[in-house]
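File shown here: upload_24.cif, holding mmCIF, N, CA and C atoms.
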```cif
data_structure
loop_
_atom_site.label_atom_id
_atom_site.label_comp_id
_atom_site.auth_asym_id
_atom_site.auth_seq_id
_atom_site.Cartn_x
_atom_site.Cartn_y
_atom_site.Cartn_z
N GLY A 6 0.83 -1.20 0.00
CA GLY A 6 0.00 0.00 0.00
C GLY A 6 0.86 1.25 0.00
N VAL A 7 0.28 2.34 -0.47
CA VAL A 7 0.97 3.63 -0.52
C VAL A 7 0.13 4.62 0.28
N ALA A 8 0.81 5.43 1.10
CA ALA A 8 0.10 6.35 1.98
C ALA A 8 0.05 7.77 1.43
N ALA A 9 -1.07 8.43 1.68
CA ALA A 9 -1.20 9.88 1.49
C ALA A 9 -1.61 10.41 2.85
N LEU A 10 -0.90 11.41 3.36
CA LEU A 10 -1.14 11.87 4.73
C LEU A 10 -1.40 13.38 4.81
N PRO A 11 -2.43 13.86 4.11
CA PRO A 11 -2.70 15.29 4.15
C PRO A 11 -3.25 15.72 5.51
N MET A 12 -2.85 16.90 5.98
CA MET A 12 -3.38 17.43 7.24
C MET A 12 -3.36 18.95 7.20
N ALA A 13 -4.17 19.55 8.07
CA ALA A 13 -4.22 21.01 8.17
C ALA A 13 -4.72 21.37 9.56
N MET A 14 -4.64 22.65 9.89
CA MET A 14 -5.14 23.13 11.17
C MET A 14 -6.51 23.78 10.96
N LEU A 15 -7.46 23.44 11.84
CA LEU A 15 -8.78 24.08 11.82
C LEU A 15 -9.01 24.73 13.18
N PRO A 16 -9.87 25.74 13.23
CA PRO A 16 -10.20 26.35 14.51
C PRO A 16 -10.79 25.33 15.47
N GLY A 17 -10.35 25.36 16.73
CA GLY A 17 -10.85 24.45 17.75
C GLY A 17 -12.06 25.02 18.44
N PRO A 18 -12.51 24.40 19.52
CA PRO A 18 -11.95 23.18 20.11
C PRO A 18 -12.17 21.96 19.21
N ARG A 19 -11.67 20.83 19.69
CA ARG A 19 -11.65 19.63 18.85
C ARG A 19 -13.04 19.22 18.35
N ALA A 20 -14.06 19.28 19.20
CA ALA A 20 -15.41 18.89 18.78
C ALA A 20 -15.88 19.77 17.62
N HIS A 21 -15.53 21.03 17.68
CA HIS A 21 -15.91 21.97 16.61
C HIS A 21 -15.18 21.62 15.31
N ALA A 22 -13.86 21.39 15.40
CA ALA A 22 -13.06 21.06 14.21
C ALA A 22 -13.55 19.76 13.58
N TRP A 23 -13.86 18.78 14.42
CA TRP A 23 -14.35 17.48 13.93
C TRP A 23 -15.69 17.64 13.24
N GLY A 24 -16.59 18.42 13.85
CA GLY A 24 -17.90 18.67 13.24
C GLY A 24 -17.76 19.36 11.89
N THR A 25 -16.83 20.31 11.82
CA THR A 25 -16.57 21.04 10.57
C THR A 25 -16.06 20.08 9.50
N LEU A 26 -15.12 19.21 9.87
CA LEU A 26 -14.56 18.25 8.91
C LEU A 26 -15.66 17.34 8.36
N LEU A 27 -16.49 16.78 9.25
CA LEU A 27 -17.55 15.87 8.79
C LEU A 27 -18.58 16.60 7.93
N SER A 28 -19.03 17.78 8.38
CA SER A 28 -20.06 18.47 7.60
C SER A 28 -19.51 18.95 6.26
N ASP A 29 -18.26 19.44 6.24
CA ASP A 29 -17.69 19.92 4.98
C ASP A 29 -17.42 18.80 3.98
N THR A 30 -17.15 17.59 4.48
CA THR A 30 -16.94 16.46 3.56
C THR A 30 -18.26 15.84 3.14
N GLY A 31 -19.36 16.23 3.80
CA GLY A 31 -20.65 15.64 3.47
C GLY A 31 -20.85 14.28 4.12
N LEU A 32 -19.97 13.92 5.07
CA LEU A 32 -20.12 12.65 5.77
C LEU A 32 -21.12 12.82 6.91
N PRO A 33 -21.73 11.72 7.37
CA PRO A 33 -22.71 11.83 8.45
C PRO A 33 -22.08 12.38 9.73
N ALA A 34 -22.85 13.16 10.48
CA ALA A 34 -22.36 13.76 11.73
C ALA A 34 -22.07 12.69 12.77
N ALA A 35 -22.81 11.59 12.71
CA ALA A 35 -22.59 10.50 13.67
C ALA A 35 -22.56 9.18 12.90
N PRO A 36 -21.47 8.94 12.18
CA PRO A 36 -21.38 7.71 11.38
C PRO A 36 -21.34 6.48 12.28
N VAL A 37 -21.88 5.38 11.77
CA VAL A 37 -21.88 4.14 12.55
C VAL A 37 -21.20 3.02 11.76
N SER A 38 -20.62 2.09 12.49
CA SER A 38 -19.92 0.95 11.89
C SER A 38 -20.84 0.21 10.92
N GLY A 39 -20.32 -0.10 9.75
CA GLY A 39 -21.09 -0.82 8.74
C GLY A 39 -21.84 0.09 7.78
N GLU A 40 -21.89 1.40 8.10
CA GLU A 40 -22.60 2.35 7.25
C GLU A 40 -21.80 2.68 6.00
N ARG A 41 -22.51 2.76 4.90
CA ARG A 41 -21.90 3.13 3.61
C ARG A 41 -21.83 4.66 3.55
N VAL A 42 -20.66 5.20 3.28
CA VAL A 42 -20.51 6.66 3.26
C VAL A 42 -19.84 7.11 1.97
N ARG A 43 -20.08 8.38 1.63
CA ARG A 43 -19.51 8.97 0.42
C ARG A 43 -19.38 10.47 0.67
N THR A 44 -18.25 11.04 0.25
CA THR A 44 -18.09 12.48 0.41
C THR A 44 -18.97 13.20 -0.61
N GLY A 45 -19.23 14.48 -0.35
CA GLY A 45 -20.06 15.27 -1.25
C GLY A 45 -19.55 16.69 -1.32
N GLY A 46 -20.34 17.55 -1.95
CA GLY A 46 -19.96 18.95 -2.07
C GLY A 46 -18.67 19.09 -2.86
N ASP A 47 -17.78 19.98 -2.39
CA ASP A 47 -16.53 20.20 -3.12
C ASP A 47 -15.39 19.35 -2.57
N ALA A 48 -15.70 18.43 -1.66
CA ALA A 48 -14.66 17.57 -1.08
C ALA A 48 -14.18 16.56 -2.12
N PRO A 49 -12.89 16.18 -2.05
CA PRO A 49 -12.41 15.12 -2.95
C PRO A 49 -13.25 13.84 -2.77
N ALA A 50 -13.42 13.11 -3.86
CA ALA A 50 -14.27 11.91 -3.83
C ALA A 50 -13.66 10.81 -2.97
N LEU A 51 -14.49 10.26 -2.11
CA LEU A 51 -14.07 9.17 -1.24
C LEU A 51 -15.32 8.37 -0.91
N SER A 52 -15.28 7.05 -1.06
CA SER A 52 -16.45 6.25 -0.73
C SER A 52 -16.02 4.93 -0.13
N GLY A 53 -16.86 4.41 0.75
CA GLY A 53 -16.55 3.14 1.39
C GLY A 53 -17.49 2.83 2.52
N THR A 54 -17.06 1.91 3.38
CA THR A 54 -17.86 1.44 4.50
C THR A 54 -17.15 1.73 5.81
N VAL A 55 -17.89 2.33 6.74
CA VAL A 55 -17.30 2.66 8.04
C VAL A 55 -16.91 1.39 8.78
N VAL A 56 -15.66 1.33 9.23
CA VAL A 56 -15.18 0.20 10.02
C VAL A 56 -15.35 0.52 11.49
N GLU A 57 -14.91 1.72 11.88
CA GLU A 57 -14.97 2.12 13.28
C GLU A 57 -15.20 3.62 13.35
N ALA A 58 -16.13 4.03 14.22
CA ALA A 58 -16.40 5.45 14.40
C ALA A 58 -16.21 5.80 15.87
N GLU A 59 -15.35 6.75 16.13
CA GLU A 59 -15.10 7.24 17.49
C GLU A 59 -15.37 8.74 17.49
N PRO A 60 -15.43 9.37 18.67
CA PRO A 60 -15.79 10.79 18.72
C PRO A 60 -14.90 11.71 17.89
N TRP A 61 -13.63 11.39 17.69
CA TRP A 61 -12.74 12.28 16.93
C TRP A 61 -12.03 11.55 15.80
N ARG A 62 -12.46 10.33 15.53
CA ARG A 62 -11.73 9.55 14.53
C ARG A 62 -12.69 8.61 13.81
N LEU A 63 -12.43 8.41 12.53
CA LEU A 63 -13.27 7.57 11.72
C LEU A 63 -12.38 6.73 10.82
N SER A 64 -12.59 5.41 10.80
CA SER A 64 -11.87 4.58 9.84
C SER A 64 -12.86 3.98 8.85
N VAL A 65 -12.48 4.04 7.59
CA VAL A 65 -13.37 3.63 6.50
C VAL A 65 -12.61 2.70 5.56
N LEU A 66 -13.21 1.57 5.25
CA LEU A 66 -12.67 0.67 4.22
C LEU A 66 -13.13 1.24 2.89
N ILE A 67 -12.21 1.81 2.12
CA ILE A 67 -12.63 2.53 0.91
C ILE A 67 -12.54 1.68 -0.35
N ASP A 68 -13.44 2.00 -1.29
CA ASP A 68 -13.39 1.40 -2.63
C ASP A 68 -13.21 2.50 -3.67
N GLY A 69 -13.28 3.74 -3.24
CA GLY A 69 -13.03 4.86 -4.15
C GLY A 69 -12.31 5.95 -3.39
N PRO A 70 -11.31 6.56 -3.98
CA PRO A 70 -10.87 6.53 -5.38
C PRO A 70 -10.09 5.28 -5.75
N ALA A 71 -9.76 4.43 -4.78
CA ALA A 71 -9.02 3.19 -5.01
C ALA A 71 -9.28 2.31 -3.80
N PRO A 72 -9.03 1.00 -3.90
CA PRO A 72 -9.19 0.15 -2.72
C PRO A 72 -8.18 0.54 -1.65
N GLY A 73 -8.62 0.53 -0.39
CA GLY A 73 -7.71 0.85 0.69
C GLY A 73 -8.45 1.21 1.96
N THR A 74 -7.80 2.02 2.78
CA THR A 74 -8.36 2.43 4.07
C THR A 74 -8.17 3.93 4.22
N ALA A 75 -9.16 4.58 4.82
CA ALA A 75 -9.05 6.00 5.11
C ALA A 75 -9.25 6.20 6.60
N PHE A 76 -8.45 7.08 7.19
CA PHE A 76 -8.60 7.46 8.60
C PHE A 76 -8.78 8.97 8.66
N LEU A 77 -9.92 9.41 9.13
CA LEU A 77 -10.15 10.83 9.34
C LEU A 77 -10.02 11.09 10.82
N ALA A 78 -9.32 12.16 11.21
CA ALA A 78 -9.10 12.41 12.63
C ALA A 78 -8.99 13.89 12.92
N ALA A 79 -9.35 14.25 14.15
CA ALA A 79 -9.10 15.59 14.68
C ALA A 79 -8.31 15.37 15.96
N GLU A 80 -7.12 15.97 16.05
CA GLU A 80 -6.24 15.70 17.18
C GLU A 80 -5.78 16.99 17.83
N GLY A 81 -5.61 16.91 19.15
CA GLY A 81 -5.19 18.08 19.90
C GLY A 81 -6.40 18.86 20.38
N ASP A 82 -6.16 19.92 21.12
CA ASP A 82 -7.26 20.76 21.57
C ASP A 82 -6.76 22.18 21.71
N GLY A 83 -7.67 23.11 21.84
CA GLY A 83 -7.27 24.51 21.93
C GLY A 83 -7.82 25.29 20.77
N ASP A 84 -7.16 26.41 20.44
CA ASP A 84 -7.65 27.30 19.39
C ASP A 84 -7.49 26.71 18.00
N GLN A 85 -6.44 25.90 17.82
CA GLN A 85 -6.19 25.27 16.53
C GLN A 85 -6.04 23.77 16.74
N VAL A 86 -6.72 23.00 15.91
CA VAL A 86 -6.73 21.54 16.04
C VAL A 86 -6.25 20.95 14.72
N SER A 87 -5.43 19.91 14.80
CA SER A 87 -4.92 19.24 13.61
C SER A 87 -5.99 18.27 13.08
N VAL A 88 -6.37 18.44 11.82
CA VAL A 88 -7.30 17.49 11.19
C VAL A 88 -6.57 16.81 10.04
N SER A 89 -6.84 15.53 9.87
CA SER A 89 -6.14 14.79 8.83
C SER A 89 -7.08 13.81 8.15
N VAL A 90 -6.77 13.52 6.90
CA VAL A 90 -7.47 12.50 6.12
C VAL A 90 -6.36 11.60 5.56
N TRP A 91 -6.03 10.56 6.31
CA TRP A 91 -4.94 9.67 5.91
C TRP A 91 -5.50 8.55 5.04
N LEU A 92 -4.88 8.35 3.90
CA LEU A 92 -5.33 7.32 2.97
C LEU A 92 -4.21 6.30 2.75
N TYR A 93 -4.57 5.05 2.79
CA TYR A 93 -3.65 3.97 2.42
C TYR A 93 -4.31 3.24 1.26
N VAL A 94 -3.73 3.36 0.08
CA VAL A 94 -4.36 2.78 -1.10
C VAL A 94 -3.51 1.65 -1.67
N TYR A 95 -4.20 0.73 -2.33
CA TYR A 95 -3.56 -0.48 -2.85
C TYR A 95 -3.81 -0.62 -4.33
N GLY A 96 -3.10 -1.56 -4.94
CA GLY A 96 -3.31 -1.85 -6.35
C GLY A 96 -2.20 -1.24 -7.20
N PRO A 97 -2.21 -1.60 -8.50
CA PRO A 97 -1.15 -1.18 -9.41
C PRO A 97 -1.06 0.34 -9.56
N ASP A 98 -2.17 1.05 -9.40
CA ASP A 98 -2.17 2.51 -9.58
C ASP A 98 -1.94 3.25 -8.26
N ALA A 99 -1.68 2.52 -7.18
CA ALA A 99 -1.60 3.14 -5.85
C ALA A 99 -0.64 4.34 -5.78
N PRO A 100 0.58 4.26 -6.33
CA PRO A 100 1.47 5.42 -6.21
C PRO A 100 0.89 6.68 -6.85
N ALA A 101 0.30 6.54 -8.04
CA ALA A 101 -0.28 7.70 -8.73
C ALA A 101 -1.50 8.21 -7.99
N VAL A 102 -2.35 7.29 -7.52
CA VAL A 102 -3.57 7.69 -6.79
C VAL A 102 -3.18 8.40 -5.50
N ALA A 103 -2.23 7.85 -4.76
CA ALA A 103 -1.82 8.46 -3.48
C ALA A 103 -1.26 9.86 -3.70
N ALA A 104 -0.45 10.04 -4.73
CA ALA A 104 0.13 11.36 -5.02
C ALA A 104 -0.98 12.36 -5.36
N ARG A 105 -1.93 11.93 -6.19
CA ARG A 105 -3.03 12.81 -6.59
C ARG A 105 -3.90 13.16 -5.38
N GLU A 106 -4.27 12.16 -4.59
CA GLU A 106 -5.15 12.39 -3.44
C GLU A 106 -4.47 13.25 -2.37
N GLN A 107 -3.17 13.05 -2.18
CA GLN A 107 -2.42 13.86 -1.22
C GLN A 107 -2.60 15.34 -1.57
N SER A 108 -2.40 15.65 -2.84
CA SER A 108 -2.48 17.03 -3.30
C SER A 108 -3.92 17.56 -3.22
N LEU A 109 -4.90 16.78 -3.66
CA LEU A 109 -6.31 17.20 -3.63
C LEU A 109 -6.77 17.47 -2.20
N TRP A 110 -6.53 16.51 -1.31
CA TRP A 110 -6.98 16.64 0.07
C TRP A 110 -6.23 17.73 0.82
N GLN A 111 -4.93 17.84 0.55
CA GLN A 111 -4.14 18.86 1.24
C GLN A 111 -4.69 20.25 0.91
N GLU A 112 -4.90 20.49 -0.37
CA GLU A 112 -5.41 21.79 -0.80
C GLU A 112 -6.80 22.03 -0.22
N TRP A 113 -7.64 21.01 -0.23
CA TRP A 113 -9.00 21.14 0.29
C TRP A 113 -9.01 21.42 1.79
N LEU A 114 -8.19 20.66 2.54
CA LEU A 114 -8.12 20.85 4.00
C LEU A 114 -7.61 22.24 4.37
N VAL A 115 -6.56 22.68 3.68
CA VAL A 115 -6.00 24.00 3.96
C VAL A 115 -7.05 25.07 3.66
N GLY A 116 -7.83 24.87 2.61
CA GLY A 116 -8.91 25.79 2.27
C GLY A 116 -9.95 25.89 3.38
N ARG A 117 -10.23 24.76 4.07
CA ARG A 117 -11.18 24.79 5.18
C ARG A 117 -10.67 25.71 6.29
N GLY A 118 -9.38 25.58 6.59
CA GLY A 118 -8.80 26.39 7.66
C GLY A 118 -8.84 27.88 7.32
N GLN A 119 -8.63 28.19 6.06
CA GLN A 119 -8.62 29.60 5.65
C GLN A 119 -10.02 30.17 5.59
N SER A 120 -10.99 29.36 5.14
CA SER A 120 -12.33 29.89 4.94
C SER A 120 -13.06 30.11 6.26
N SER A 121 -12.59 29.47 7.32
CA SER A 121 -13.33 29.59 8.59
C SER A 121 -12.72 30.63 9.52
N THR A 122 -11.70 31.35 9.07
CA THR A 122 -11.12 32.39 9.93
C THR A 122 -11.81 33.71 9.66
#
```
Show me this structure written as structure tokens.
Amino acid sequence: GVAALPMAMLPGPRAHAWGTLLSDTGLPAAPVSGERVRTGGDAPALSGTVVEAEPWRLSVLIDGPAPGTAFLAAEGDGDQVSVSVWLYVYGPDAPAVAAREQSLWQEWLVGRGQSST
């Protein structure tokens, strides 16, 4: 597998940053294990099945944009919180997909931080 590890800072506290990340990606506010999810709006395309949902972290077995796993997280607390969308993708196209998704998600995440100030 090949990893893409985009991250950015969003205004805190953590519950607020996490809520912003989920709502901006079009993912459910309270995702549950086994639920089929898909990003929407202007977020990069991501689809799959929720494996585990915790208050600040979500793991998804993805089938789009490529087979793999996605981990969405909000970490830290205070005025600025680190949010990340880590992707581990597999298959022959994994290096190209990971490079593309890294760039797409990084730009999108940084845009969230700028638009909310």
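Excluding region 49-52 of chain A itself and same-chain residues fewer than 3 positions from it, the residues having an atom within 9 Å of it are A:Thr30, A:Arg41, A:Val42, A:Arg43, A:Thr44, A:Gly45, A:Gly46, A:Val65, A:Leu66, A:Ile67, A:Asp68, A:Gly69, A:Pro70, A:Ala71, A:Ala75, A:Glu106, A:Leu109, A:Trp110, A:Trp113, counting only C-alpha atoms.
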Legend entry - Contacts of Val86 (chain A) at 6 Å (all atoms listed in the file; same-chain gap of 2+ positions) as a list in words: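 Once the nearby chain positions are removed, what remains is Ala13, Met14, Leu15, Pro16, Gly17, Arg19, Glu80, Gly81, Asp82, Gly83, Asp84 and Val88 of chain A.
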Inset, instruction - From the DSSP assignment of the backbone, select every residue of chain A that is alpha helix (DSSP H), and format the answer as a ChimeraX atom specification. - result: /A:19-30,99-120
Inset, instruction - Using CA of Ser87 (chain A) and CA of Glu40 (chain A) as the two end points, give the distance in Å to one decimal. - result: 25.3 Å
Legend entry - Given the PyMOL selection byres (((chain A and resi 56 and name CA) around 12) and name CA), the residues it picks as an NGL selection string: :A and (36-42 or 53-55 or 57-59 or 62-67 or 73-77)
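Listed by chain and then by number, the residues chosen by the PyMOL selection byres ((chain A and resi 92) around 6) in this file are Val7, Ala8, Ala9, Leu10, Thr74, Ala75, Phe76, Val90, Trp91, Tyr93 and Val94 of chain A.
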Inset, instruction - In Å, rounded to a single decimal, give me how far atom N of Ser89 (chain A) is from CA of Pro33 (chain A). - result: 16.4 Å
Legend entry - Selected residue, from A:Pro60, A:Pro11, A:Gly116, A:Gly96, that lies nearest to Asp29 (chain A) when counting only C-alpha atoms: A:Gly116
